[in-house]
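Enquirer: Please find one structure pasted underneath; my questions will follow.
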Amino acid sequence: GGRGRLLQAGVLGDGETGFRLELTWLRDRTEPYDLGEQEFHLAFVTDRFDALLARHRAMGCVCFENPDMGVYFIEDPDGYWIELVPERG
């Protein structure tokens, strides 16, 4: 398919906090991006990963788990995926 290889294009921050925005692109992609593919999404790093995973499971909003990568996704009411990533020391 047209997914190609994911490459990091840049990381933006305000220089004062740990907040950052990572911009990525799919190098080999030739067709327009489509938000419905779930390829493009928000991700949050948290120091409360296990507690949030348990809470989100109880809420029934976990839509995908990737134990090999140690991340999971929840789906918002509009169908967009949000990735939760554990803070890594």
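Convention: chains lettered A, B, ... in structure tokens order; per-chain residue numbering from 1; ligands numbered from 1 as shown.
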Check the DSSP output for the backbone and give back, as a ChimeraX atom specification, the residues of chain A in strand (DSSP E or B).

Expert: /A:6-13,20-26,42-46,62-66,71-75,81-86

Enquirer: Residues at most 12 Å from A:Pro77, counting only C-alpha atoms, excluding those fewer than 3 positions away in the same chain, as a list in words?

Expert: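 Result of the neighbour search: Gly60, Cys61, Cys63, Ile74, Tyr80, Trp81 and Ile82 of chain A.
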
Enquirer: Any chance you can output those residues with N, CA and C atoms as a short mmCIF file (atom, residue, chain, number, x, y, z; two decimals), in the first residue's frame?

Expert:
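So result_5.cif came out as:
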data_model
loop_
_atom_site.label_atom_id
_atom_site.label_comp_id
_atom_site.auth_asym_id
_atom_site.auth_seq_id
_atom_site.Cartn_x
_atom_site.Cartn_y
_atom_site.Cartn_z
N GLY A 60 -14.24 1.72 28.40
CA GLY A 60 -14.53 1.10 27.11
C GLY A 60 -14.07 1.91 25.91
N CYS A 61 -13.10 2.80 26.10
CA CYS A 61 -12.67 3.63 24.97
C CYS A 61 -11.31 3.23 24.40
N CYS A 63 -9.25 1.48 21.90
CA CYS A 63 -9.58 0.91 20.59
C CYS A 63 -8.44 0.08 20.01
N ILE A 74 -6.87 5.41 22.51
CA ILE A 74 -8.29 5.56 22.82
C ILE A 74 -8.93 6.29 21.64
N TYR A 80 -11.55 9.98 16.26
CA TYR A 80 -10.10 10.18 16.16
C TYR A 80 -9.38 9.39 17.25
N TRP A 81 -8.24 8.85 16.89
CA TRP A 81 -7.45 8.07 17.84
C TRP A 81 -6.46 8.97 18.57
N ILE A 82 -6.27 8.69 19.85
CA ILE A 82 -5.30 9.41 20.70
C ILE A 82 -4.40 8.35 21.30
#

Enquirer: Could you jot down the atom CA of A:Asn66 to atom CA of A:Leu53 separation for me, Å, one decimal place?

Expert: 12.0 Å

Enquirer: List the spatial neighbours of A:Gly70 as a list in words - criterion: any atom at most 12 Å away, only C-alpha atoms, same-chain residues fewer than 6 positions off excluded.

Expert: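 Near A:Gly70, the qualifying residues are Val45, Phe49, Asp50, Leu53, Phe64, Glu83, Leu84, Val85, Pro86, Glu87 and Arg88 of chain A.
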
Enquirer: Write the residues of the preceding selection, restricted to N, CA, C and O atoms, as a PDB file, in the first residue's frame.

Expert:
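Contents of result_3.pdb, freshly written:
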ATOM      1  N   VAL A  45       2.432  11.639  26.309  1.00  0.00           N
ATOM      2  CA  VAL A  45       3.330  10.885  27.184  1.00  0.00           C
ATOM      3  C   VAL A  45       2.855  11.138  28.609  1.00  0.00           C
ATOM      4  O   VAL A  45       2.596  12.285  28.996  1.00  0.00           O
ATOM      5  N   PHE A  49       0.713   5.958  33.177  1.00  0.00           N
ATOM      6  CA  PHE A  49       0.300   5.075  32.090  1.00  0.00           C
ATOM      7  C   PHE A  49      -0.585   3.928  32.564  1.00  0.00           C
ATOM      8  O   PHE A  49      -1.679   3.715  32.036  1.00  0.00           O
ATOM      9  N   ASP A  50      -0.139   3.154  33.554  1.00  0.00           N
ATOM     10  CA  ASP A  50      -0.902   1.978  34.001  1.00  0.00           C
ATOM     11  C   ASP A  50      -2.260   2.358  34.565  1.00  0.00           C
ATOM     12  O   ASP A  50      -3.271   1.704  34.278  1.00  0.00           O
ATOM     13  N   LEU A  53      -4.477   3.444  31.621  1.00  0.00           N
ATOM     14  CA  LEU A  53      -4.896   2.292  30.825  1.00  0.00           C
ATOM     15  C   LEU A  53      -6.049   1.565  31.524  1.00  0.00           C
ATOM     16  O   LEU A  53      -7.056   1.232  30.882  1.00  0.00           O
ATOM     17  N   PHE A  64      -7.219   0.229  20.566  1.00  0.00           N
ATOM     18  CA  PHE A  64      -6.096  -0.555  20.061  1.00  0.00           C
ATOM     19  C   PHE A  64      -4.987  -0.550  21.099  1.00  0.00           C
ATOM     20  O   PHE A  64      -4.689   0.491  21.678  1.00  0.00           O
ATOM     21  N   GLU A  83      -3.099   8.505  21.123  1.00  0.00           N
ATOM     22  CA  GLU A  83      -2.122   7.532  21.601  1.00  0.00           C
ATOM     23  C   GLU A  83      -1.621   7.917  22.992  1.00  0.00           C
ATOM     24  O   GLU A  83      -1.352   9.080  23.252  1.00  0.00           O
ATOM     25  N   LEU A  84      -1.517   6.929  23.873  1.00  0.00           N
ATOM     26  CA  LEU A  84      -0.942   7.127  25.195  1.00  0.00           C
ATOM     27  C   LEU A  84       0.365   6.363  25.254  1.00  0.00           C
ATOM     28  O   LEU A  84       0.422   5.171  24.926  1.00  0.00           O
ATOM     29  N   VAL A  85       1.419   7.059  25.675  1.00  0.00           N
ATOM     30  CA  VAL A  85       2.776   6.527  25.698  1.00  0.00           C
ATOM     31  C   VAL A  85       3.314   6.681  27.114  1.00  0.00           C
ATOM     32  O   VAL A  85       3.210   7.766  27.698  1.00  0.00           O
ATOM     33  N   PRO A  86       3.888   5.642  27.682  1.00  0.00           N
ATOM     34  CA  PRO A  86       4.451   5.782  29.034  1.00  0.00           C
ATOM     35  C   PRO A  86       5.711   6.638  29.014  1.00  0.00           C
ATOM     36  O   PRO A  86       6.494   6.583  28.055  1.00  0.00           O
ATOM     37  N   GLU A  87       5.867   7.420  30.053  1.00  0.00           N
ATOM     38  CA  GLU A  87       7.097   8.189  30.204  1.00  0.00           C
ATOM     39  C   GLU A  87       8.241   7.201  30.401  1.00  0.00           C
ATOM     40  O   GLU A  87       8.127   6.266  31.181  1.00  0.00           O
ATOM     41  N   ARG A  88       9.288   7.365  29.660  1.00  0.00           N
ATOM     42  CA  ARG A  88      10.424   6.441  29.742  1.00  0.00           C
ATOM     43  C   ARG A  88      11.597   7.196  30.353  1.00  0.00           C
ATOM     44  O   ARG A  88      12.000   8.216  29.840  1.00  0.00           O
TER      45      ARG A  88
END

Enquirer: Please measure the separation of atom CA of A:Asp47 and atom CA of A:Val71, giving the value in Å to one decimal.

Expert: 12.7 Å
